[in-house]
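One file, upload23.txt, carrying compact mmCIF, C-alpha atoms:
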```
# COMPACT_ATOMS: atom_id res chain seq x y z
CA MET A 1 182.58 91.96 31.55
CA GLU A 2 182.79 91.91 27.76
CA ARG A 3 180.83 88.66 27.80
CA ILE A 4 177.68 90.17 29.30
CA PRO A 5 175.78 90.19 25.97
CA ILE A 6 176.51 86.47 25.57
CA HIS A 7 175.02 85.74 29.00
CA LEU A 8 171.98 87.89 28.23
CA LEU A 9 171.51 86.03 24.98
CA ARG A 10 171.85 82.73 26.81
CA PHE A 11 169.29 83.88 29.36
CA ILE A 12 166.74 84.71 26.67
CA LEU A 13 167.44 81.57 24.65
CA LEU A 14 167.18 79.20 27.60
CA ALA A 15 164.01 80.88 28.90
CA PHE A 16 162.55 80.65 25.40
CA VAL A 17 163.38 76.96 25.06
CA GLN A 18 162.03 76.23 28.51
CA ILE A 19 158.75 78.08 28.03
CA PHE A 20 157.89 77.15 24.47
CA LEU A 21 159.43 73.72 24.08
CA LEU A 22 160.17 71.96 27.36
CA LYS A 23 157.00 73.11 29.08
CA ASN A 24 155.11 70.73 26.84
CA MET A 25 157.44 67.82 27.44
CA GLY A 26 157.59 65.38 30.29
CA TYR A 27 156.95 61.81 31.28
CA TYR A 28 153.52 61.49 32.93
CA ASN A 29 154.22 64.52 35.12
CA LEU A 30 156.81 62.44 36.93
CA SER A 31 159.84 63.59 35.02
CA THR A 32 159.90 67.16 33.79
CA PRO A 33 163.03 68.77 32.37
CA PHE A 34 164.06 72.23 33.54
CA LEU A 35 166.94 73.04 31.23
CA TYR A 36 166.88 76.74 32.11
CA VAL A 37 169.03 76.02 35.20
CA LEU A 38 171.96 75.68 32.78
CA PHE A 39 172.09 79.48 32.81
CA ILE A 40 172.91 79.48 36.53
CA LEU A 41 175.27 76.51 36.17
CA VAL A 42 177.59 78.19 33.68
CA LEU A 43 177.69 81.74 35.08
CA PRO A 44 181.39 82.78 35.18
CA PHE A 45 183.46 82.09 38.29
CA LYS A 46 184.15 85.77 38.74
CA THR A 47 180.50 86.70 39.13
CA PRO A 48 180.05 88.31 42.56
CA ASN A 49 177.68 86.54 44.94
CA TRP A 50 174.97 89.19 44.81
CA LEU A 51 174.91 89.00 41.04
CA VAL A 52 174.59 85.21 41.11
CA TYR A 53 171.58 85.55 43.40
CA LEU A 54 170.07 88.35 41.36
CA ALA A 55 170.54 86.51 38.06
CA ALA A 56 169.10 83.30 39.50
CA PHE A 57 166.18 85.17 41.01
CA CYS A 58 165.40 86.96 37.73
CA MET A 59 165.59 83.71 35.81
CA GLY A 60 163.23 82.07 38.28
CA LEU A 61 160.79 84.97 38.11
CA THR A 62 160.78 84.88 34.31
CA ILE A 63 159.94 81.20 34.31
CA ASP A 64 157.36 81.75 37.07
CA ALA A 65 155.60 84.38 35.01
CA PHE A 66 154.98 81.87 32.25
CA TYR A 67 154.25 78.90 34.52
CA ASP A 68 151.78 80.90 36.67
CA THR A 69 153.60 79.91 39.84
CA LEU A 70 154.90 83.28 41.03
CA GLY A 71 157.73 82.79 43.52
CA LEU A 72 158.14 79.02 43.18
CA HIS A 73 160.93 78.87 40.58
CA ALA A 74 162.49 82.01 42.05
CA LEU A 75 162.71 80.24 45.39
CA ALA A 76 164.20 77.09 43.89
CA CYS A 77 166.74 79.15 41.93
CA THR A 78 167.73 81.06 45.06
CA VAL A 79 168.39 77.79 46.87
CA MET A 80 170.36 76.61 43.85
CA ALA A 81 172.45 79.78 43.75
CA TRP A 82 173.41 79.28 47.37
CA THR A 83 174.40 75.67 46.66
CA ARG A 84 176.46 76.85 43.71
CA ILE A 85 178.40 79.34 45.83
CA ILE A 86 179.13 76.74 48.51
CA PHE A 87 180.00 73.97 46.02
CA ILE A 88 182.44 76.15 44.08
CA SER A 89 184.13 77.50 47.21
CA LEU A 90 184.65 73.92 48.42
CA THR A 91 185.87 72.23 45.23
CA VAL A 92 187.56 74.84 43.04
CA SER A 93 190.84 76.45 44.04
CA THR A 94 191.21 80.23 43.92
CA GLU A 95 193.81 79.78 41.20
CA ASP A 96 191.43 77.91 38.93
CA ARG A 97 188.78 80.51 39.57
CA GLU A 98 191.17 83.16 38.24
CA THR A 99 192.28 81.31 35.11
CA GLU A 100 189.14 79.50 34.00
CA PRO A 101 186.32 81.71 32.72
CA GLU A 102 183.29 79.59 33.60
CA PRO A 103 182.39 76.20 35.10
CA GLY A 104 181.76 74.42 31.77
CA MET A 105 182.57 70.86 30.89
CA SER A 106 185.44 71.74 28.55
CA GLU A 107 187.18 73.88 31.19
CA MET A 108 186.68 71.75 34.30
CA GLY A 109 186.53 68.22 32.93
CA PHE A 110 183.68 65.77 32.51
CA ARG A 111 183.77 64.24 35.98
CA TRP A 112 183.78 67.48 37.95
CA PHE A 113 181.07 68.95 35.76
CA LEU A 114 178.84 65.89 36.18
CA ILE A 115 179.03 65.97 39.98
CA TYR A 116 178.64 69.75 40.02
CA SER A 117 175.60 69.83 37.78
CA PHE A 118 173.98 66.80 39.42
CA THR A 119 174.24 68.38 42.89
CA LEU A 120 172.88 71.72 41.79
CA ILE A 121 170.09 70.33 39.65
CA PHE A 122 169.06 67.94 42.39
CA VAL A 123 168.88 70.73 44.98
CA HIS A 124 166.95 72.96 42.60
CA HIS A 125 164.41 70.30 41.66
CA PHE A 126 163.98 69.13 45.22
CA ALA A 127 163.24 72.65 46.45
CA LEU A 128 160.91 73.13 43.50
CA PHE A 129 158.84 69.99 44.01
CA LEU A 130 158.81 70.23 47.78
CA PHE A 131 157.42 73.75 47.73
CA GLU A 132 155.02 72.90 44.93
CA ILE A 133 153.51 70.03 46.89
CA PHE A 134 153.87 71.99 50.14
CA ARG A 135 153.04 69.15 52.50
CA LEU A 136 155.43 67.13 54.60
CA SER A 137 153.36 64.05 53.78
CA GLY A 138 154.22 64.58 50.10
CA PHE A 139 157.92 64.15 50.84
CA GLY A 140 158.26 60.78 49.09
CA GLU A 141 156.33 61.99 46.07
CA ALA A 142 158.59 65.06 45.83
CA LEU A 143 161.71 62.93 46.11
CA LEU A 144 160.61 60.59 43.32
CA SER A 145 159.75 63.46 40.96
CA THR A 146 163.04 65.10 41.87
CA LEU A 147 165.14 62.05 41.05
CA LEU A 148 163.44 61.34 37.73
CA SER A 149 163.45 64.99 36.66
CA THR A 150 167.07 65.41 37.71
CA ILE A 151 168.06 62.57 35.37
CA PHE A 152 166.13 64.16 32.51
CA THR A 153 167.55 67.64 33.08
CA LEU A 154 171.07 66.34 33.63
CA PHE A 155 170.89 64.47 30.33
CA LEU A 156 169.88 67.64 28.48
CA VAL A 157 172.54 69.73 30.26
CA VAL A 158 175.36 67.31 29.42
CA LEU A 159 174.08 66.97 25.86
CA SER A 160 174.07 70.74 25.37
CA GLN A 161 177.61 70.90 26.74
CA PHE A 162 178.76 68.35 24.17
CA ILE A 163 177.04 70.19 21.35
CA PHE A 164 177.90 73.83 22.07
CA TYR A 165 180.99 74.07 24.21
CA ARG A 166 183.43 71.49 22.97
CA LYS A 167 184.79 73.15 19.88
CA LYS A 168 185.41 76.48 21.55
CA SER A 169 188.28 75.37 23.78
CA ARG A 170 190.02 73.14 21.28
CA MET B 1 180.30 99.50 62.55
CA ARG B 2 183.50 98.21 60.94
CA ASN B 3 182.97 94.81 62.51
CA LEU B 4 179.45 94.77 61.17
CA TRP B 5 180.74 95.36 57.65
CA ILE B 6 183.32 92.62 58.05
CA PHE B 7 180.63 90.28 59.31
CA ILE B 8 178.33 91.09 56.41
CA SER B 9 181.01 90.68 53.76
CA LYS B 10 182.20 87.44 55.33
CA TYR B 11 178.80 85.84 55.40
CA ASN B 12 177.34 87.62 52.39
CA ALA B 13 176.38 84.34 50.71
CA VAL B 14 174.17 83.31 53.63
CA ILE B 15 172.72 86.76 54.21
CA LEU B 16 171.89 87.24 50.54
CA PHE B 17 170.40 83.75 50.48
CA ILE B 18 168.10 84.57 53.37
CA ILE B 19 167.02 87.83 51.74
CA PHE B 20 166.25 86.28 48.36
CA PHE B 21 164.64 83.24 49.96
CA LEU B 22 162.29 85.38 52.01
CA ILE B 23 161.37 87.51 49.00
CA SER B 24 160.52 84.49 46.87
CA PHE B 25 158.75 82.72 49.72
CA GLY B 26 156.68 85.84 50.31
CA LEU B 27 155.78 85.96 46.63
CA LEU B 28 154.90 82.28 46.70
CA ILE B 29 152.64 82.57 49.73
CA SER B 30 150.90 85.75 48.72
CA ASN B 31 150.26 84.85 45.09
CA ASN B 32 149.40 81.15 45.13
CA SER B 33 146.15 80.38 46.86
CA TYR B 34 146.94 76.71 47.46
CA GLN B 35 150.21 77.43 49.25
CA ARG B 36 148.62 80.25 51.21
CA ALA B 37 145.68 78.15 52.30
CA SER B 38 147.83 75.24 53.38
CA THR B 39 150.26 77.45 55.28
CA TRP B 40 147.60 78.54 57.70
CA ASN B 41 145.41 75.44 57.67
CA SER B 42 147.76 72.50 57.52
CA SER B 43 149.41 73.68 60.69
CA ASN B 44 146.10 73.63 62.52
CA GLU B 45 145.13 70.23 61.21
CA TRP B 46 148.61 68.97 61.93
CA ILE B 47 148.53 70.16 65.52
CA GLY B 48 145.12 68.58 65.97
CA LYS B 49 146.39 65.27 64.67
CA GLN B 50 149.35 65.32 67.03
CA TYR B 51 147.06 65.89 69.99
CA GLN B 52 144.94 62.99 68.84
CA LYS B 53 147.96 60.69 68.66
CA ILE B 54 149.06 61.58 72.16
CA ASN B 55 145.52 61.12 73.34
CA ASN B 56 145.31 57.62 71.89
CA VAL B 57 148.07 56.59 74.27
CA LYS B 58 146.63 58.45 77.24
CA ASP B 59 143.21 56.91 76.69
CA TYR B 60 144.54 53.47 77.11
CA LEU B 61 145.87 54.30 80.53
CA ARG B 62 142.62 55.91 81.61
CA LEU B 63 140.23 53.21 80.40
CA ARG B 64 139.21 52.22 83.91
CA ASP B 65 138.25 55.75 84.94
CA ILE B 66 136.34 56.30 81.72
CA ASN B 67 134.49 53.03 82.19
CA ASP B 68 133.52 54.01 85.71
CA SER B 69 132.23 57.39 84.66
CA LEU B 70 130.25 55.89 81.78
CA ALA B 71 128.73 53.30 84.08
CA ALA B 72 127.70 56.01 86.52
CA GLU B 73 126.21 58.03 83.68
CA ASN B 74 124.31 54.96 82.48
CA MET B 75 122.87 54.41 85.92
CA ARG B 76 121.77 58.01 86.21
CA LEU B 77 120.05 57.93 82.83
CA ARG B 78 118.38 54.64 83.63
CA ASN B 79 116.91 56.21 86.74
CA LEU B 80 115.38 58.95 84.64
CA ILE B 81 113.39 56.53 82.54
CA PRO B 82 109.96 55.87 84.01
CA GLN B 83 109.41 52.26 84.98
CA THR B 84 107.72 51.42 81.73
CA ASP B 85 107.44 47.70 82.41
CA SER B 86 105.14 47.97 85.40
CA LEU B 87 103.14 50.91 84.15
CA LYS B 88 102.63 49.77 80.58
CA THR B 89 98.90 50.04 80.63
CA THR B 90 98.79 53.58 81.87
CA VAL B 91 101.35 55.07 79.50
CA THR B 92 99.82 57.60 77.18
CA THR B 93 101.54 59.34 74.35
CA VAL B 94 101.80 63.08 74.78
CA THR B 95 102.04 64.95 71.54
CA ASP B 96 104.19 68.01 71.99
CA THR B 97 102.79 70.82 69.91
CA LEU B 98 106.25 72.25 69.36
CA GLY B 99 107.13 68.91 67.87
CA ARG B 100 110.77 68.88 68.76
CA LYS B 101 113.21 68.86 71.62
CA GLN B 102 114.63 72.18 72.67
CA TYR B 103 118.06 70.78 73.42
CA SER B 104 120.00 68.06 71.68
CA TYR B 105 123.45 66.78 72.55
CA ILE B 106 126.52 65.86 70.51
CA THR B 107 129.07 63.57 72.16
CA ALA B 108 132.70 64.54 71.74
CA LYS B 109 136.00 63.31 73.04
CA VAL B 110 138.46 65.65 74.72
CA ILE B 111 141.80 65.44 72.96
CA ASN B 112 143.58 68.31 74.67
CA ASN B 113 142.96 69.96 77.98
CA SER B 114 144.69 72.36 80.33
CA ILE B 115 143.86 73.43 83.87
CA ARG B 116 146.99 75.19 85.05
CA GLN B 117 146.97 78.25 82.81
CA LYS B 118 145.39 81.58 83.59
CA ASN B 119 143.06 81.02 80.67
CA ASN B 120 142.38 77.38 79.91
CA TYR B 121 141.19 75.85 76.69
CA ILE B 122 139.97 72.40 75.73
CA THR B 123 140.13 70.78 72.28
CA ILE B 124 137.56 68.20 71.18
CA ASN B 125 137.46 65.87 68.19
CA ARG B 126 134.22 67.19 66.74
CA GLY B 127 133.96 70.20 64.47
CA TYR B 128 131.92 72.05 61.92
CA LYS B 129 131.13 68.86 60.00
CA ASP B 130 129.49 67.38 63.08
CA GLY B 131 127.28 70.37 63.66
CA ILE B 132 129.36 72.20 66.26
CA ARG B 133 129.01 75.97 66.07
CA LYS B 134 130.67 78.83 67.88
CA GLY B 135 129.05 79.76 71.17
CA MET B 136 127.46 76.42 72.03
CA GLY B 137 127.55 75.21 75.63
CA VAL B 138 129.58 72.17 76.65
CA ILE B 139 128.78 69.89 79.60
CA ASP B 140 130.01 66.56 80.87
CA PRO B 141 128.19 63.93 82.97
CA ASN B 142 129.10 65.79 86.17
CA GLY B 143 128.47 69.38 85.24
CA VAL B 144 129.27 72.41 83.13
CA VAL B 145 132.53 72.46 81.14
CA GLY B 146 132.62 75.60 78.97
CA ILE B 147 131.64 77.33 75.77
CA VAL B 148 132.71 76.52 72.20
CA LEU B 149 135.16 79.17 71.04
CA ASN B 150 136.54 78.24 67.62
CA VAL B 151 135.49 75.57 65.15
CA SER B 152 137.51 73.94 62.35
CA PRO B 153 136.12 71.21 60.06
CA THR B 154 137.09 68.36 62.37
CA PHE B 155 138.08 69.98 65.65
CA ALA B 156 136.72 72.59 68.02
CA THR B 157 138.26 74.51 70.89
CA ILE B 158 136.33 75.22 74.06
CA GLN B 159 136.82 78.17 76.33
CA SER B 160 136.87 76.28 79.58
CA LEU B 161 134.98 77.38 82.67
CA LEU B 162 138.52 77.91 83.97
CA HIS B 163 138.98 81.04 81.88
CA SER B 164 138.90 84.58 83.16
CA ASP B 165 136.42 85.70 80.48
CA THR B 166 133.91 82.92 81.00
CA ARG B 167 130.73 83.96 82.81
CA ILE B 168 127.94 81.48 83.28
CA SER B 169 124.52 82.31 84.63
CA ALA B 170 123.91 80.19 87.74
CA THR B 171 121.29 79.88 90.44
CA LEU B 172 121.21 78.51 93.97
CA SER B 173 119.00 75.44 94.00
CA LYS B 174 116.96 76.36 97.12
CA THR B 175 116.48 80.09 96.89
CA ASN B 176 116.50 80.44 93.11
CA ALA B 177 118.56 83.60 93.39
CA PHE B 178 120.75 83.93 90.34
CA GLY B 179 124.17 85.35 89.74
CA SER B 180 127.09 84.75 87.46
CA LEU B 181 129.85 82.23 87.93
CA VAL B 182 133.39 83.40 87.24
CA TRP B 183 136.88 81.98 87.62
CA GLY B 184 140.21 83.73 87.84
CA ASN B 185 140.80 87.07 89.63
CA GLY B 186 143.40 85.65 91.96
CA ASN B 187 141.71 82.29 92.28
CA PHE B 188 143.52 79.85 90.01
CA ASP B 189 142.51 76.59 91.63
CA ALA B 190 140.83 74.27 89.13
CA LYS B 191 138.49 72.98 91.84
CA TYR B 192 136.82 76.25 92.83
CA ALA B 193 135.00 79.15 91.21
CA ILE B 194 133.25 82.26 92.51
CA LEU B 195 129.53 82.95 92.25
CA GLN B 196 129.02 86.70 92.06
CA ASP B 197 126.09 89.10 92.18
CA ILE B 198 123.97 87.24 94.73
CA PRO B 199 122.19 89.94 96.82
CA ASN B 200 123.20 90.33 100.45
CA HIS B 201 119.82 89.48 101.99
CA ILE B 202 119.77 85.94 100.59
CA LYS B 203 120.59 83.27 103.13
CA VAL B 204 123.09 80.88 101.61
CA LYS B 205 123.95 77.62 103.30
CA LYS B 206 127.12 75.64 102.92
CA GLY B 207 126.67 72.55 100.78
CA GLU B 208 123.83 74.07 98.78
CA ASN B 209 123.82 73.07 95.12
CA VAL B 210 124.59 75.56 92.38
CA ILE B 211 122.96 74.82 89.03
CA THR B 212 122.62 76.53 85.67
CA SER B 213 119.80 79.03 85.46
CA GLY B 214 118.63 78.33 81.93
CA TYR B 215 119.06 82.00 81.01
CA SER B 216 122.16 81.27 78.95
CA LEU B 217 123.31 78.55 76.56
CA PHE B 218 122.80 75.71 78.99
CA PRO B 219 119.57 73.94 79.82
CA ALA B 220 118.31 74.77 83.30
CA GLY B 221 119.34 72.50 86.13
CA ILE B 222 122.72 71.27 84.99
CA PRO B 223 124.87 70.97 88.12
CA ILE B 224 127.79 73.35 88.52
CA GLY B 225 128.95 72.67 92.06
CA LYS B 226 128.40 73.11 95.77
CA VAL B 227 128.76 76.13 98.02
CA VAL B 228 131.80 75.80 100.27
CA GLU B 229 132.12 79.34 101.63
CA THR B 230 129.51 82.06 101.78
CA GLY B 231 130.13 85.77 101.51
CA LEU B 232 133.83 85.95 101.02
CA LYS B 233 133.87 89.73 100.77
CA GLY B 234 131.43 91.36 103.16
CA GLY B 235 130.42 94.99 103.16
CA ASP B 236 129.05 95.24 99.66
CA SER B 237 125.47 94.66 98.72
CA PHE B 238 126.44 91.50 96.93
CA LEU B 239 127.84 88.23 98.21
CA ASN B 240 130.79 86.45 96.74
CA ILE B 241 130.25 82.76 97.14
CA LYS B 242 132.99 80.19 96.74
CA VAL B 243 131.77 77.17 94.82
CA GLU B 244 133.40 73.75 94.61
CA LEU B 245 133.01 72.68 91.00
CA ALA B 246 131.20 69.44 90.21
CA THR B 247 133.21 68.86 87.05
CA ASN B 248 136.62 67.30 87.54
CA PHE B 249 138.53 69.30 84.95
CA ALA B 250 141.71 67.32 85.49
CA ALA B 251 140.07 64.13 84.23
CA LEU B 252 137.80 65.20 81.39
CA SER B 253 137.30 62.45 78.82
CA TYR B 254 133.93 62.69 77.08
CA VAL B 255 131.81 65.81 76.88
CA TYR B 256 128.44 66.75 75.39
CA VAL B 257 127.99 69.80 73.24
CA VAL B 258 124.57 71.32 73.82
CA THR B 259 122.61 72.47 70.79
CA ASN B 260 119.78 74.80 71.62
CA ASN B 261 117.29 74.17 68.82
CA ALA B 262 115.12 77.10 69.81
CA GLU B 263 117.97 79.57 70.13
CA ALA B 264 117.36 81.35 66.84
CA GLU B 265 113.70 81.75 67.67
CA GLN B 266 114.48 83.08 71.15
CA ARG B 267 117.06 85.53 69.81
CA LYS B 268 114.63 86.85 67.24
CA LEU B 269 111.92 87.36 69.81
CA GLU B 270 114.26 89.06 72.26
CA SER B 271 115.77 91.36 69.67
CA SER B 272 112.32 92.64 68.79
CA ASN B 273 112.13 94.06 72.34
CA LYS B 274 114.98 96.43 71.67
CA THR B 275 113.52 98.02 68.58
CA GLU B 276 110.42 99.29 70.36
```

Let me see the file written as structure tokens.
Amino acid sequence: MERIPIHLLRFILLAFVQIFLLKNMGYYNLSTPFLYVLFILVLPFKTPNWLVYLAAFCMGLTIDAFYDTLGLHALACTVMAWTRIIFISLTVSTEDRETEPEPGMSEMGFRWFLIYSFTLIFVHHFALFLFEIFRLSGFGEALLSTLLSTIFTLFLVVLSQFIFYRKKSR
Amino acid sequence: MRNLWIFISKYNAVILFIIFFLISFGLLISNNSYQRASTWNSSNEWIGKQYQKINNVKDYLRLRDINDSLAAENMRLRNLIPQTDSLKTTVTTVTDTLGRKQYSYITAKVINNSIRQKNNYITINRGYKDGIRKGMGVIDPNGVVGIVLNVSPTFATIQSLLHSDTRISATLSKTNAFGSLVWGNGNFDAKYAILQDIPNHIKVKKGENVITSGYSLFPAGIPIGKVVETGLKGGDSFLNIKVELATNFAALSYVYVVTNNAEAEQRKLESSNKTE
């Protein structure tokens, strides 16, 4: 509870970076980074389900407002939030959920974090591109963009974990 | 009530997911014109394409029948042409002062058809791009088929003659009395229709031909069928005549959409009657 301001700050910072920096980056429209999903990735374990959904939805809407795609990112984030809830309930024991504050790399280990973030980012990007193209015939195109963008985003997510979160736990 | 709460709290992740998903999907559809347009149009185009695929297979199996019907049609048309070879010297060119045909025809292939519903519809592989418009008449080599109901860029649906709302103006070939042809009202056999509104004093013979009157969308003289029973319901001042349809609706393959080139002119003239 006392960490709410930190999450709010993270929300604003990530949205800011996404809108003013990463929006202009990309590799021929094939690979586009969406670093803002980091906010949903590292929400604390204790966050109730409804709050996860609400936070993800708000984040998506904020991005949508600046990307002029109202509903698209919100939808992808909702799908991602659901994946997050399922993934955590399957792989993290109740004990760990009590003791560890949030699913970061320093708390959960490199390997777990990599699988966790890859799954969630992949689901998010796939939903995003599929609904952006909005045709079943564009399935292959969506899958290719998803894979390339997932690699880009994952790289940035892992990098940010190395930079910001390592010192705190040691 | 308690069980409901338990259920909701147990599956709250799924329920919340559905709620948020629907909200964002609603936002997406209502605010992004591309997604909105393709939600309602891609489905139509998609369905049309599926019908066409199925039809490609069906066509192969029906090639013989289609060949036969085309050969028969060819023969009929050939008979209509005057024997130009033997009469070459006497042929004179008649210049029509109107300068154009009143009716022209667009060939189309039937890609979906039903005959066993209460209201039957036909889909053809021609649409707006080919000049098909709502309300045009549709015939096939044997007789009347229906009326164009809805048109998309590449497909059109036809309200079949086998539809309870279809009424076609028809006359008896010998007496020239005219009435309207309907289907439905307890008669759901694809082979028969009822000719209504023929006055009681008209003598109708079995086997008499029923043709289009030319008062509606169709050119005059297109065959509709033959009288099989006369005066089904006696007592009224009108006869109800049972007609065996000339068109075999179960085996439709190619149809012609009739374009009435003078329709706009006729409408304009007729509407001026009402204003006076």

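Nearest residue to Thr150 (chain A), choosing from A:Leu120, A:Ile63, A:Met80, A:Ile85 and counting all atoms listed in the file: A:Leu120.
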
Taking only residues of chain A that have an atom at most 12 Å from an atom of chain B, what is each one's shortest atom pair and its distance in Å to one decimal, using only C-alpha atoms, in chain and number order, as a tab-separated table?
```
residue	atom	partner	partner_atom	distance
A:Pro48	CA	B:Ala13	CA	9.8
A:Asn49	CA	B:Ala13	CA	6.3
A:Trp50	CA	B:Leu16	CA	6.8
A:Leu51	CA	B:Leu16	CA	10.1
A:Val52	CA	B:Ala13	CA	9.8
A:Tyr53	CA	B:Phe20	CA	7.3
A:Leu54	CA	B:Phe20	CA	8.2
A:Ala55	CA	B:Phe20	CA	11.2
A:Ala56	CA	B:Phe20	CA	9.8
A:Phe57	CA	B:Phe20	CA	7.4
A:Cys58	CA	B:Ser24	CA	10.7
A:Gly60	CA	B:Ser24	CA	9.3
A:Leu61	CA	B:Ser24	CA	8.8
A:Asp64	CA	B:Leu28	CA	10.0
A:Ala65	CA	B:Asn31	CA	11.4
A:Tyr67	CA	B:Asn32	CA	11.9
A:Asp68	CA	B:Asn32	CA	8.8
A:Thr69	CA	B:Asn32	CA	6.9
A:Leu70	CA	B:Leu28	CA	5.8
A:Gly71	CA	B:Leu28	CA	4.3
A:Leu72	CA	B:Leu28	CA	5.8
A:His73	CA	B:Ser24	CA	8.4
A:Ala74	CA	B:Ser24	CA	5.8
A:Leu75	CA	B:Ser24	CA	5.0
A:Ala76	CA	B:Phe21	CA	8.7
A:Cys77	CA	B:Phe21	CA	9.3
A:Thr78	CA	B:Phe21	CA	6.2
A:Val79	CA	B:Phe17	CA	7.3
A:Met80	CA	B:Phe17	CA	9.7
A:Ala81	CA	B:Phe17	CA	8.1
A:Trp82	CA	B:Phe17	CA	6.2
A:Thr83	CA	B:Ala13	CA	9.8
A:Arg84	CA	B:Ala13	CA	10.3
A:Ile85	CA	B:Ala13	CA	7.3
A:Ile86	CA	B:Ala13	CA	8.4
A:Phe87	CA	B:Ala13	CA	11.9
A:Ser89	CA	B:Ala13	CA	10.9
A:Ala127	CA	B:Phe21	CA	11.2
A:Leu128	CA	B:Leu28	CA	11.4
A:Leu130	CA	B:Gln35	CA	11.3
A:Phe131	CA	B:Gln35	CA	8.2
A:Glu132	CA	B:Gln35	CA	7.9
A:Ile133	CA	B:Gln35	CA	8.4
A:Phe134	CA	B:Gln35	CA	6.6
A:Arg135	CA	B:Ser42	CA	8.0
A:Leu136	CA	B:Ser42	CA	9.8
A:Ser137	CA	B:Trp46	CA	10.6
```

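Here CA of Arg10 (chain A) is placed at a distance of 23.5 Å from CA of Asp96 (chain A).
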
Original post:
Could you tell me, as a list in words, which residues have any atom at most 9 Å from (168.4, 65.7, 35.6), counting all atoms listed in the file?
Top reply: Ser31, Thr32, Pro33, Phe34, Leu35, Ser117, Phe118, Ile121, Phe122, His125, Thr146, Leu147, Leu148, Ser149, Thr150, Ile151, Phe152, Thr153, Leu154, Phe155, Leu156 and Val157 of chain A

Original post:
How far is it from CA of Thr259 (chain B) to CA of Asn119 (chain B), in Å with one decimal?
Top reply: 24.3 Å

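CA of Gly179 (chain B) sits 22.4 Å away from CA of Lys118 (chain B).
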
**OP:** For the point (128.6, 71.0, 102.1) in the file's frame, write as JSON, numbers by chain all residues with an atom no more than 12 Å away, counting all atoms listed in the file.
**Re:** {"B": [204, 205, 206, 207, 208, 209, 210, 225, 226, 227, 228, 229, 230, 242, 243, 244]}

Original post:
Using all atoms listed in the file, which residue out of A:His124, A:Leu30, A:Ile12, A:Glu102 lies closest to Val42 (chain A)?
Top reply: A:Glu102

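Here the question is which of A:Met59, A:Gln161, A:Phe45, A:Leu114 gets nearest to Glu98 (chain A) using all atoms listed in the file, and that residue is A:Phe45.
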
**OP:** Tell me, as number ranges by chain, which residues lie within 10 Å of Ile54 (chain B), counting all atoms listed in the file; anything in the same chain fewer than 4 positions away does not count.
**Re:** B: 49-50, 58-59, 111-112

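Of the listed residues (A:Pro44, A:Tyr116, A:Leu8, A:Ala142), A:Pro44 comes nearest to Glu100 (chain A); the distances count all atoms listed in the file.
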